[in-house]
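File shown here: run-v6.txt, holding compact mmCIF, C-alpha atoms and all ligand atoms.
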```txt
# COMPACT_ATOMS: atom_id res chain seq x y z
CA MET A 230 -73.49 182.74 -27.94
CA ARG A 231 -73.76 184.07 -24.38
CA GLN A 232 -75.10 180.69 -23.32
CA PHE A 233 -72.15 178.88 -24.89
CA VAL A 234 -69.58 181.22 -23.34
CA SER A 235 -71.29 180.92 -19.97
CA TYR A 236 -71.23 177.11 -20.13
CA ILE A 237 -67.50 177.15 -20.82
CA LEU A 238 -66.80 179.75 -18.19
CA SER A 239 -68.86 178.08 -15.49
CA ALA A 240 -67.21 174.75 -16.27
CA SER A 241 -63.79 176.33 -15.91
CA PHE A 242 -64.94 178.17 -12.81
CA LEU A 243 -66.06 174.91 -11.17
CA ALA A 244 -62.77 173.27 -12.13
CA THR A 245 -60.88 176.17 -10.53
CA LEU A 246 -63.05 175.89 -7.45
CA ALA A 247 -62.24 172.21 -7.10
CA VAL A 248 -58.53 172.92 -6.71
CA THR A 249 -58.83 176.01 -4.52
CA GLN A 250 -61.13 174.75 -1.81
CA GLU A 251 -59.02 176.13 1.00
CA SER A 252 -59.69 179.74 0.10
CA CYS A 253 -62.27 181.66 -1.83
CA SER A 254 -61.20 182.00 -5.44
CA GLN A 255 -59.56 185.23 -6.51
CA GLU A 256 -62.39 186.17 -8.88
CA TRP A 257 -64.64 187.03 -5.95
CA TRP A 258 -62.07 189.30 -4.36
CA ASP A 259 -61.52 191.04 -7.68
CA LEU A 260 -65.24 191.35 -8.25
CA ALA A 261 -65.76 192.79 -4.78
CA SER A 262 -63.23 195.44 -5.54
CA ASP A 263 -64.83 196.11 -8.91
CA PHE A 264 -68.35 196.30 -7.44
CA GLU A 265 -67.21 198.58 -4.70
CA GLU A 266 -65.84 201.03 -7.23
CA PHE A 267 -68.89 200.65 -9.35
CA PHE A 268 -71.44 201.17 -6.64
CA PHE A 269 -69.49 204.07 -5.20
CA ARG A 270 -69.36 205.83 -8.54
CA ASP A 271 -73.09 205.47 -9.06
CA GLU A 272 -75.58 207.83 -7.45
CA THR A 273 -75.88 207.43 -3.68
CA CYS A 274 -78.17 204.74 -2.24
CA SER A 275 -77.90 203.66 -5.77
CA GLY A 276 -80.71 202.32 -7.90
CA VAL A 277 -78.26 199.67 -9.04
CA ALA A 278 -77.67 198.48 -5.48
CA ARG A 279 -81.39 198.41 -4.72
CA ALA A 280 -82.15 196.53 -7.92
CA ALA A 281 -79.39 194.00 -7.13
CA ILE A 282 -81.03 193.20 -3.81
CA ARG A 283 -84.40 192.74 -5.46
CA LEU A 284 -82.87 190.63 -8.22
CA ALA A 285 -81.63 188.08 -5.68
CA PHE A 286 -85.24 187.54 -4.61
CA HIS A 287 -86.60 187.27 -8.14
CA ASP A 288 -83.92 184.81 -9.24
CA CYS A 289 -84.40 182.47 -6.28
CA PHE A 290 -88.00 182.57 -5.22
CA PRO A 291 -89.59 180.65 -8.13
CA GLY A 292 -87.68 177.61 -6.82
CA SER A 293 -83.95 177.87 -7.30
CA CYS A 294 -81.27 180.55 -7.44
CA ASP A 295 -80.19 179.56 -10.92
CA GLY A 296 -79.33 182.70 -12.87
CA SER A 297 -82.33 182.27 -15.17
CA MET A 298 -83.27 185.91 -14.65
CA ILE A 299 -80.25 186.72 -16.83
CA ASN A 300 -79.51 183.49 -18.70
CA ALA A 301 -83.10 182.99 -19.86
CA ASP A 302 -83.79 186.70 -20.42
CA GLU A 303 -86.47 186.93 -17.72
CA CYS A 304 -85.13 190.38 -16.82
CA TRP A 305 -86.01 191.72 -20.22
CA ASP A 306 -89.00 189.57 -21.20
CA ARG A 307 -91.15 190.05 -18.08
CA GLU A 308 -92.70 193.36 -17.16
CA GLU A 309 -92.44 192.64 -13.40
CA ASN A 310 -88.65 192.67 -13.83
CA ALA A 311 -88.33 195.91 -15.78
CA GLN A 312 -86.69 197.77 -12.88
CA MET A 313 -83.90 195.17 -12.87
CA ALA A 314 -82.98 195.23 -16.57
CA ARG A 315 -79.94 197.47 -16.02
CA ILE A 316 -78.44 195.46 -13.17
CA CYS A 317 -79.06 192.26 -15.14
CA SER A 318 -77.08 193.62 -18.10
CA ILE A 319 -74.25 194.68 -15.81
CA LEU A 320 -74.07 191.36 -13.97
CA GLY A 321 -74.32 189.30 -17.18
CA GLU A 322 -71.29 191.12 -18.54
CA LYS A 323 -69.38 190.86 -15.26
CA ALA A 324 -70.05 187.11 -15.03
CA ASP A 325 -68.51 186.66 -18.47
CA GLU A 326 -65.62 189.01 -17.73
CA TYR A 327 -64.65 187.29 -14.47
CA GLY A 328 -65.59 183.73 -15.47
CA VAL A 329 -68.03 183.14 -12.63
CA GLY A 330 -71.50 181.63 -12.58
CA THR A 331 -74.50 183.87 -13.21
CA ALA A 332 -76.53 182.48 -10.30
CA ASP A 333 -73.59 183.12 -8.00
CA ILE A 334 -72.89 186.65 -9.18
CA ILE A 335 -76.53 187.61 -8.58
CA GLN A 336 -76.30 186.55 -4.94
CA PHE A 337 -72.88 188.09 -4.55
CA ALA A 338 -74.06 191.43 -5.93
CA ALA A 339 -76.98 191.40 -3.50
CA GLY A 340 -74.66 190.79 -0.56
CA MET A 341 -72.30 193.54 -1.67
CA SER A 342 -75.25 195.87 -2.23
CA VAL A 343 -76.71 195.31 1.21
CA LEU A 344 -73.23 195.96 2.47
CA ASP A 345 -73.07 199.05 0.29
CA PHE A 346 -75.47 200.68 2.71
CA LEU A 347 -73.13 199.81 5.56
CA PHE A 348 -70.19 201.28 3.61
CA ARG A 349 -72.02 204.50 3.17
CA SER A 350 -72.75 204.90 6.86
CA ILE A 351 -69.03 204.50 7.57
CA ALA A 352 -68.08 206.78 4.68
CA ASP A 353 -70.46 209.38 6.09
CA ARG A 354 -68.60 209.43 9.35
CA ILE A 355 -65.19 209.57 7.71
CA GLU A 356 -65.98 211.93 4.86
CA PRO A 357 -69.24 213.69 5.74
CA ALA A 358 -68.54 216.32 3.10
CA ILE A 359 -69.04 213.92 0.22
CA GLY A 360 -72.77 213.93 0.83
CA LEU A 361 -73.72 210.32 1.43
CA ALA A 362 -75.67 211.11 4.55
CA SER A 363 -78.86 209.42 3.54
CA CYS A 364 -77.49 205.89 3.20
CA SER A 365 -76.74 203.68 6.15
CA GLY A 366 -77.14 200.55 8.14
CA GLY A 367 -77.07 197.43 5.92
CA PRO A 368 -76.21 194.12 7.60
CA VAL A 369 -73.36 191.80 6.64
CA THR A 370 -74.70 188.70 4.90
CA SER A 371 -73.10 185.40 3.89
CA PHE A 372 -72.08 184.41 0.37
CA TYR A 373 -71.67 180.90 -1.03
CA SER A 374 -70.42 180.10 -4.53
CA GLY A 375 -70.86 177.07 -6.78
CA ARG A 376 -74.55 177.19 -7.76
CA GLN A 377 -75.73 175.44 -10.90
CA ASP A 378 -76.76 177.85 -13.67
CA SER A 379 -79.93 177.27 -15.67
CA PHE A 380 -80.82 178.61 -19.10
CA ASP A 381 -84.48 177.60 -18.87
CA ALA A 382 -87.02 180.25 -17.96
CA THR A 383 -89.05 179.57 -14.83
CA PRO A 384 -92.83 179.27 -15.28
CA LEU A 385 -94.81 182.51 -15.13
CA GLY A 386 -96.91 183.43 -12.10
CA MET A 387 -94.51 182.20 -9.41
CA MET A 388 -93.87 185.62 -7.83
CA PRO A 389 -96.08 187.59 -5.46
CA ASN A 390 -97.04 191.01 -6.77
CA ALA A 391 -97.89 194.43 -5.38
CA THR A 392 -101.45 193.47 -4.49
CA THR A 393 -101.03 189.88 -3.30
CA ASP A 394 -103.00 189.38 -0.08
CA ALA A 395 -101.46 188.10 3.16
CA ILE A 396 -102.93 184.58 3.06
CA THR A 397 -101.76 184.01 -0.51
CA MET A 398 -98.33 185.32 0.42
CA ILE A 399 -98.12 183.03 3.46
CA ASP A 400 -99.08 180.07 1.26
CA LEU A 401 -96.56 181.03 -1.44
CA PHE A 402 -93.73 181.30 1.06
CA SER A 403 -94.80 178.24 3.00
CA SER A 404 -94.79 176.18 -0.22
CA ARG A 405 -91.10 177.08 -0.47
CA ASN A 406 -90.49 176.25 3.17
CA PHE A 407 -90.39 179.83 4.50
CA SER A 408 -92.13 180.64 7.77
CA LYS A 409 -94.24 183.71 8.39
CA THR A 410 -91.36 185.24 10.34
CA GLU A 411 -89.02 184.70 7.41
CA LEU A 412 -91.57 186.17 5.00
CA VAL A 413 -91.94 189.27 7.17
CA ALA A 414 -88.17 189.57 7.65
CA LEU A 415 -87.43 189.37 3.93
CA THR A 416 -90.08 191.93 3.13
CA GLY A 417 -88.05 194.25 5.36
CA ALA A 418 -85.68 194.72 2.39
CA HIS A 419 -88.25 197.30 1.34
CA THR A 420 -86.74 199.54 4.02
CA ILE A 421 -84.46 200.90 1.28
CA ALA A 422 -86.85 200.40 -1.64
CA ARG A 423 -88.27 203.08 -3.88
CA GLN A 424 -91.27 202.95 -6.14
CA LEU A 425 -90.77 203.64 -9.85
CA ASP A 426 -91.28 207.38 -9.34
CA GLY A 427 -88.61 207.45 -6.61
CA THR A 428 -90.98 207.58 -3.64
CA GLY A 429 -89.65 205.62 -0.66
CA MET A 430 -91.53 202.74 0.96
CA ASP A 431 -90.77 204.20 4.39
CA ASN A 432 -89.84 207.62 5.70
CA THR A 433 -86.13 206.78 5.78
CA ALA A 434 -85.70 205.05 2.42
CA GLY A 435 -81.96 205.72 2.44
CA GLU A 436 -81.46 203.81 5.67
CA TRP A 437 -81.53 200.10 6.31
CA ASP A 438 -83.63 200.41 9.45
CA ASN A 439 -86.68 198.93 11.16
CA SER A 440 -88.84 202.05 10.74
CA PHE A 441 -90.24 200.40 7.59
CA TYR A 442 -92.29 198.16 9.87
CA SER A 443 -93.93 200.88 11.95
CA ASP A 444 -94.33 203.24 8.98
CA THR A 445 -96.15 200.51 7.05
CA SER A 446 -98.42 199.34 9.85
CA THR A 447 -99.46 202.90 10.72
CA ASN A 448 -99.95 203.89 7.06
CA SER A 449 -97.41 206.69 7.47
CA ALA A 450 -94.95 205.61 4.75
CA PRO A 451 -94.77 207.96 1.73
CA ARG A 452 -96.15 205.13 -0.37
CA SER A 453 -96.48 201.48 0.60
CA VAL A 454 -96.85 198.46 -1.63
CA ALA A 455 -100.34 197.14 -0.84
CA ALA A 456 -98.94 193.65 -0.20
CA ASP A 457 -96.77 195.04 2.62
CA THR A 458 -99.71 196.81 4.21
CA PHE A 459 -101.70 193.57 4.09
CA LEU A 460 -98.91 191.72 5.87
CA ALA A 461 -98.55 194.46 8.49
CA GLN A 462 -102.24 194.58 9.27
CA ALA A 463 -103.42 190.97 8.79
CA GLY A 464 -104.27 188.96 11.86
CA GLU A 465 -102.17 186.07 10.50
CA THR A 466 -98.93 188.06 10.28
CA GLY A 467 -99.44 191.09 12.56
CA GLU A 468 -97.59 189.48 15.46
CA GLU A 469 -94.57 188.56 13.28
CA TRP A 470 -94.60 192.09 11.85
CA ARG A 471 -94.43 193.56 15.36
CA THR A 472 -91.77 191.12 16.63
CA VAL A 473 -89.43 191.33 13.63
CA GLY A 474 -89.79 195.10 13.34
CA GLU A 475 -89.55 195.87 17.03
CA THR A 476 -85.92 197.01 17.04
CA GLN A 477 -83.08 197.39 14.58
CA GLN A 478 -81.50 194.31 16.16
CA SER A 479 -84.61 192.14 15.88
CA PHE A 480 -84.88 193.12 12.20
CA MET A 481 -81.23 192.25 11.50
CA ASP A 482 -81.45 189.00 13.50
CA ALA A 483 -84.43 187.86 11.43
CA PHE A 484 -83.31 189.23 8.06
CA VAL A 485 -79.77 187.85 7.82
CA PRO A 486 -80.60 184.11 8.21
CA ALA A 487 -83.73 184.47 6.06
CA MET A 488 -81.68 186.10 3.31
CA GLU A 489 -79.12 183.30 3.54
CA LYS A 490 -81.89 180.72 3.26
CA LEU A 491 -83.29 182.51 0.21
CA SER A 492 -79.86 182.62 -1.42
CA LEU A 493 -79.45 178.86 -0.96
CA MET A 494 -82.73 177.86 -2.61
CA GLY A 495 -82.13 174.96 -4.97
CA SER A 496 -78.67 174.18 -3.56
CA ASP A 497 -77.34 172.14 -0.71
CA LYS A 498 -75.13 174.38 1.41
CA ASP A 499 -72.67 171.51 1.86
CA ASP A 500 -72.10 171.39 -1.90
CA LEU A 501 -71.27 175.08 -2.08
CA PHE A 502 -68.18 176.94 -1.08
CA ASP A 503 -68.34 179.43 1.75
CA CYS A 504 -67.01 182.73 0.43
CA SER A 505 -68.51 184.84 3.19
CA ASP A 506 -65.07 186.04 4.18
CA VAL A 507 -64.97 188.24 1.07
CA VAL A 508 -68.11 190.13 2.12
CA GLN A 509 -67.00 190.16 5.75
CA TRP A 510 -63.55 191.47 4.87
CA TYR A 511 -65.09 194.36 2.98
CA ALA A 512 -67.46 195.06 5.86
CA GLY A 513 -64.57 195.17 8.33
CA ASN A 514 -62.33 197.20 6.09
CA SER A 515 -64.76 199.68 4.66
CA GLY A 516 -64.23 203.40 4.82
CA GLY A 517 -62.30 205.90 2.76
CA ARG A 518 -59.15 203.80 2.40
CA ARG A 519 -60.82 200.77 0.88
CA ARG A 520 -61.09 202.28 -2.58
CA GLY A 521 -58.65 201.09 -5.20
CA ARG A 522 -57.81 197.87 -3.40
CA LYS A 523 -57.52 194.75 -5.56
CA GLY A 524 -57.31 191.12 -4.56
CA ALA A 525 -57.46 189.12 -1.36
CA PRO A 526 -55.75 190.36 1.80
CA GLU A 527 -52.26 189.00 2.39
CA GLY A 528 -51.32 186.92 5.37
C1 LIG B 601 -92.80 189.32 -0.12
C2 LIG B 601 -93.28 189.69 -1.26
C3 LIG B 601 -92.79 190.87 -2.06
C4 LIG B 601 -93.56 191.66 -2.85
C5 LIG B 601 -95.04 191.50 -3.11
C6 LIG B 601 -92.71 192.68 -3.42
C7 LIG B 601 -93.13 193.65 -4.29
C8 LIG B 601 -92.35 194.69 -4.74
C9 LIG B 601 -92.79 195.71 -5.66
C10 LIG B 601 -94.18 195.76 -6.29
C11 LIG B 601 -91.77 196.56 -5.86
C12 LIG B 601 -91.67 197.73 -6.82
C13 LIG B 601 -92.48 198.91 -6.52
C14 LIG B 601 -92.57 199.80 -7.74
O1 LIG B 601 -92.09 199.45 -8.80
O2 LIG B 601 -93.14 200.85 -7.70
C15 LIG B 601 -90.67 196.08 -5.05
C16 LIG B 601 -89.45 196.69 -4.96
C17 LIG B 601 -88.38 196.17 -4.27
N1 LIG B 601 -88.31 194.94 -3.66
FE1 LIG B 601 -89.88 193.75 -3.26
N2 LIG B 601 -91.44 192.49 -2.95
C18 LIG B 601 -91.42 191.40 -2.13
C19 LIG B 601 -90.34 190.85 -1.49
C20 LIG B 601 -89.04 191.33 -1.61
C21 LIG B 601 -87.88 190.66 -1.10
C22 LIG B 601 -87.89 189.30 -0.39
C23 LIG B 601 -86.82 191.45 -1.39
C24 LIG B 601 -85.34 191.22 -1.12
C25 LIG B 601 -84.86 190.41 -0.23
C26 LIG B 601 -87.32 192.61 -2.08
C27 LIG B 601 -86.57 193.68 -2.49
C28 LIG B 601 -87.06 194.78 -3.14
C29 LIG B 601 -86.27 195.97 -3.41
C30 LIG B 601 -84.84 196.23 -2.96
C31 LIG B 601 -87.10 196.83 -4.12
C32 LIG B 601 -86.77 198.24 -4.60
C33 LIG B 601 -86.10 198.34 -5.90
C34 LIG B 601 -85.74 199.79 -6.20
O3 LIG B 601 -85.78 200.62 -5.30
O4 LIG B 601 -85.36 200.05 -7.34
N3 LIG B 601 -88.67 192.50 -2.21
N4 LIG B 601 -91.04 194.93 -4.41
```
For this file, write the structure as structure tokens.
Ligand code: HEM
Amino acid sequence: MRQFVSYILSASFLATLAVTQESCSQEWWDLASDFEEFFFRDETCSGVARAAIRLAFHDCFPGSCDGSMINADECWDREENAQMARICSILGEKADEYGVGTADIIQFAAGMSVLDFLFRSIADRIEPAIGLASCSGGPVTSFYSGRQDSFDATPLGMMPNATTDAITMIDLFSSRNFSKTELVALTGAHTIARQLDGTGMDNTAGEWDNSFYSDTSTNSAPRSVAADTFLAQAGETGEEWRTVGETQQSFMDAFVPAMEKLSLMGSDKDDLFDCSDVVQWYAGNSGGRRRGRKGAPEG
């Protein structure tokens, strides 16, 4: 039934898109407002936001950002995705509610979640009393809509895992046209990641910062994923690890385009619609007053 409803909704969504090319369709503005409320209500540096960022990777990396994580039940059927089951349920329902594509909403939620960390740093400065001090620093990413949804599960074994060695990881990423620098930059998303027991993957897990790189290479993170340590210490990727992680700026400069490239896997950018202004508007207008706002800005 969900498949049928999704087909109808994505068909109507694409039809809407075709006649509103000059501006991003209203659904995304409404969703941004909804997400903002949702993420803000959840616990700080929320598990939902972190899972949404990870979900974007898992949906795209097997070959195409196609929504199959949700549409083909990969979130629930595959143990490697267990941490994302809750965000998948939320986004599946929101896609139906707002009549948008599943593949698109996954990428949108990731962008809003990365931004969520930026929101919190601003909220901290405006309302320090509300106790969000440990979240800060996320970059502003792009968002494109119009991806094709798929209801077919991707083959098993396409994802790297916690113990994948550096050479295998380089090969996996290279087979999908990602350079070593892009691989290292994307892995930097672990700056805000937590293991299942809540332990951070760097000493500042609430902050989107470059200390993940030095903490991992010096073995001083509370608990690293072995695959990250391999990348940090391997001769093949050590230089990229140092260059990308050198400063906050070098991390952001490498991460943002790599994340965009990841989010466009399986699509031609020219066939999609650039909705980045929604994310950018929220980035520029974040802070205490942004809550409760609905719809696109006027004028
Ligand atoms: C490059 C290969 C990668 C490997 C081997 C990998 C592996 C892992 C593993 C094993 C965990 C969970 C740790 C646990 O459950 O205890 C994790 C968490 C996470 N990963 Fe990755 N990952 C990779 C790349 C990425 C990328 C590209 C992104 C996003 C752009 C990403 C985002 C995340 C996030 C946000 C979490 C934390 C989720 C949470 O805190 O709930 N990862 N990753």
Check your understanding: What lies within 9 Å of Pro368 (chain A) using all atoms listed in the file, ignoring chain neighbours under 5 positions off, as a ChimeraX atom specification?
Key -> /A:340,343-344,346-347,437,481,484-485,512
Write to file, as a PDB file, keeping the file's coordinate frame, the residues of the selection just made, with C-alpha atoms.
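Wrote it out as out-v4.pdb, contents follow:
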```
ATOM      1  CA  GLY A 340     -74.660 190.790  -0.560  1.00  0.00           C
ATOM      2  CA  VAL A 343     -76.710 195.310   1.210  1.00  0.00           C
ATOM      3  CA  LEU A 344     -73.230 195.960   2.470  1.00  0.00           C
ATOM      4  CA  PHE A 346     -75.470 200.680   2.710  1.00  0.00           C
ATOM      5  CA  LEU A 347     -73.130 199.810   5.560  1.00  0.00           C
ATOM      6  CA  TRP A 437     -81.530 200.100   6.310  1.00  0.00           C
ATOM      7  CA  MET A 481     -81.230 192.250  11.500  1.00  0.00           C
ATOM      8  CA  PHE A 484     -83.310 189.230   8.060  1.00  0.00           C
ATOM      9  CA  VAL A 485     -79.770 187.850   7.820  1.00  0.00           C
ATOM     10  CA  ALA A 512     -67.460 195.060   5.860  1.00  0.00           C
TER      11      ALA A 512
END
```
Near ligand LIG 601 (chain B), 8 Å: chain A residue rows, closest pairs, only C-alpha atoms and all ligand atoms, as a tab-separated table:
```
residue	atom	partner	partner_atom	distance
A:Gly276	CA	B:LIG601	O4	5.2
A:Val277	CA	B:LIG601	O4	7.3
A:Ala278	CA	B:LIG601	C30	7.9
A:Arg279	CA	B:LIG601	C30	4.4
A:Ala280	CA	B:LIG601	C33	4.8
A:Ala281	CA	B:LIG601	C30	7.2
A:Ile282	CA	B:LIG601	C30	4.9
A:Arg283	CA	B:LIG601	C27	3.8
A:Leu284	CA	B:LIG601	C27	7.5
A:Ala285	CA	B:LIG601	C24	6.7
A:Phe286	CA	B:LIG601	C24	5.1
A:His287	CA	B:LIG601	C21	7.9
A:Glu309	CA	B:LIG601	C10	8.0
A:Gln312	CA	B:LIG601	O4	6.1
A:Met313	CA	B:LIG601	O4	7.5
A:Met388	CA	B:LIG601	C5	7.6
A:Pro389	CA	B:LIG601	C5	4.7
A:Asn390	CA	B:LIG601	C5	4.2
A:Ala391	CA	B:LIG601	C10	4.0
A:Thr392	CA	B:LIG601	C5	6.8
A:Thr393	CA	B:LIG601	C5	6.2
A:Met398	CA	B:LIG601	C1	6.8
A:Leu412	CA	B:LIG601	C1	6.1
A:Val413	CA	B:LIG601	C1	7.3
A:Leu415	CA	B:LIG601	C22	4.3
A:Thr416	CA	B:LIG601	C19	4.8
A:Gly417	CA	B:LIG601	C21	7.4
A:Ala418	CA	B:LIG601	C24	5.0
A:His419	CA	B:LIG601	C28	5.3
A:Thr420	CA	B:LIG601	C30	8.0
A:Ile421	CA	B:LIG601	C30	6.3
A:Ala422	CA	B:LIG601	C32	3.7
A:Arg423	CA	B:LIG601	O3	3.8
A:Gln424	CA	B:LIG601	O2	3.2
A:Leu425	CA	B:LIG601	O2	4.2
A:Asp426	CA	B:LIG601	O2	7.0
A:Gly427	CA	B:LIG601	O3	7.5
A:Gly429	CA	B:LIG601	O3	7.8
A:Val454	CA	B:LIG601	C10	6.0
A:Ala456	CA	B:LIG601	C5	5.3
A:Asp457	CA	B:LIG601	C5	7.0
A:Met488	CA	B:LIG601	C25	6.4
```
Exercise for review: Tell me, in Å to one decimal, how far CA of Ser408 (chain A) is from CA of Ala434 (chain A).
Suggested key: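 So the two atoms, CA of Ser408 (chain A) and CA of Ala434 (chain A), lie 25.8 Å apart.
Between Thr466 (chain A) and the residues A:Cys317, A:Ile396, A:Val508, A:Leu493, the shortest atom-to-atom distance, using all atoms listed in the file, involves A:Ile396.
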Practice item. List every protein, DNA or RNA residue with an atom no more than 9 Å from (-87.8, 178.7, -2.9) in the file's coordinates, counting all atoms listed in the file, and format the result as an MDAnalysis selection string. Key: chainID A and resid 289:294 402 404:407 490:495
Draw an axis-aligned box tight on the listed atoms of region 451-470 of chain A, then pad every side by 5 Å and write out centre and edge lengths in Å to one decimal as lines of an AutoDock Vina configuration file.
```
center_x = -99.4
center_y = 197.0
center_z = 6.9
size_x = 19.7
size_y = 31.9
size_z = 27.1
```
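The coordinates place CA of Asp306 (chain A) at 29.5 Å from CA of Glu256 (chain A).
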Check your understanding: Of the residues A:Gln255, A:Ser262, A:Asn448, A:Ser275, which is the one nearest to Gly435 (chain A), using all atoms listed in the file?
Key ->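 When distances to Gly435 (chain A) are compared using all atoms listed in the file, the smallest one comes from A:Ser275.
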Practice item. Please measure the separation of CA of Phe264 (chain A) and CA of Ile335 (chain A), giving the value in Å to one decimal. Key: 12.0 Å
Check your understanding: Out of A:Ser443, A:Ala487, A:Leu460, A:Val329, which residue has the shortest atom-to-atom distance to Asp259 (chain A) when counting all atoms listed in the file?
Key ->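 Looking at the shortest contact to Asp259 (chain A), the residue is A:Val329.
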**Study point:** For Asp503 (chain A): contacts at 9 Å, only C-alpha atoms, fewer than 5 positions along chain excluded, given as a VMD selection string
**Key:** chain A and resid 252 to 253 371 to 374 498
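With distances restricted to only C-alpha atoms, A:Thr370 is the closest residue to Met341 (chain A) from A:Ser440, A:Ser496, A:Thr370, A:Asn300.
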Practice item. Name the closest residue to Asp482 (chain A) among the candidates A:Ser342, A:Gln336, A:Asn432, A:Asn439; distances are taken between atoms, counting all atoms listed in the file. Key: A:Asn439
Practice item. Select, from A:Ser479, A:Ala450, A:Pro486, A:Tyr442, the residue with the minimum atom-to-atom distance to Gly467 (chain A), counting all atoms listed in the file. Key: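 Of A:Ser479, A:Ala450, A:Pro486, A:Tyr442, the one nearest Gly467 (chain A), counting all atoms listed in the file, is A:Tyr442.
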Using only C-alpha atoms, determine which residues lie at most 9 Å from Met298 (chain A), disregarding the query and same-chain residues fewer than 2 positions distant; provide the list as a PDB file with C-alpha atoms, in the frame of the given file.
```
ATOM      1  CA  LEU A 284     -82.870 190.630  -8.220  1.00  0.00           C
ATOM      2  CA  HIS A 287     -86.600 187.270  -8.140  1.00  0.00           C
ATOM      3  CA  ASP A 288     -83.920 184.810  -9.240  1.00  0.00           C
ATOM      4  CA  ASP A 295     -80.190 179.560 -10.920  1.00  0.00           C
ATOM      5  CA  GLY A 296     -79.330 182.700 -12.870  1.00  0.00           C
ATOM      6  CA  ASN A 300     -79.510 183.490 -18.700  1.00  0.00           C
ATOM      7  CA  ALA A 301     -83.100 182.990 -19.860  1.00  0.00           C
ATOM      8  CA  ASP A 302     -83.790 186.700 -20.420  1.00  0.00           C
ATOM      9  CA  GLU A 303     -86.470 186.930 -17.720  1.00  0.00           C
ATOM     10  CA  CYS A 304     -85.130 190.380 -16.820  1.00  0.00           C
ATOM     11  CA  TRP A 305     -86.010 191.720 -20.220  1.00  0.00           C
ATOM     12  CA  ASN A 310     -88.650 192.670 -13.830  1.00  0.00           C
ATOM     13  CA  CYS A 317     -79.060 192.260 -15.140  1.00  0.00           C
ATOM     14  CA  ALA A 332     -76.530 182.480 -10.300  1.00  0.00           C
ATOM     15  CA  PHE A 380     -80.820 178.610 -19.100  1.00  0.00           C
ATOM     16  CA  ALA A 382     -87.020 180.250 -17.960  1.00  0.00           C
ATOM     17  CA  THR A 383     -89.050 179.570 -14.830  1.00  0.00           C
TER      18      THR A 383
END
```
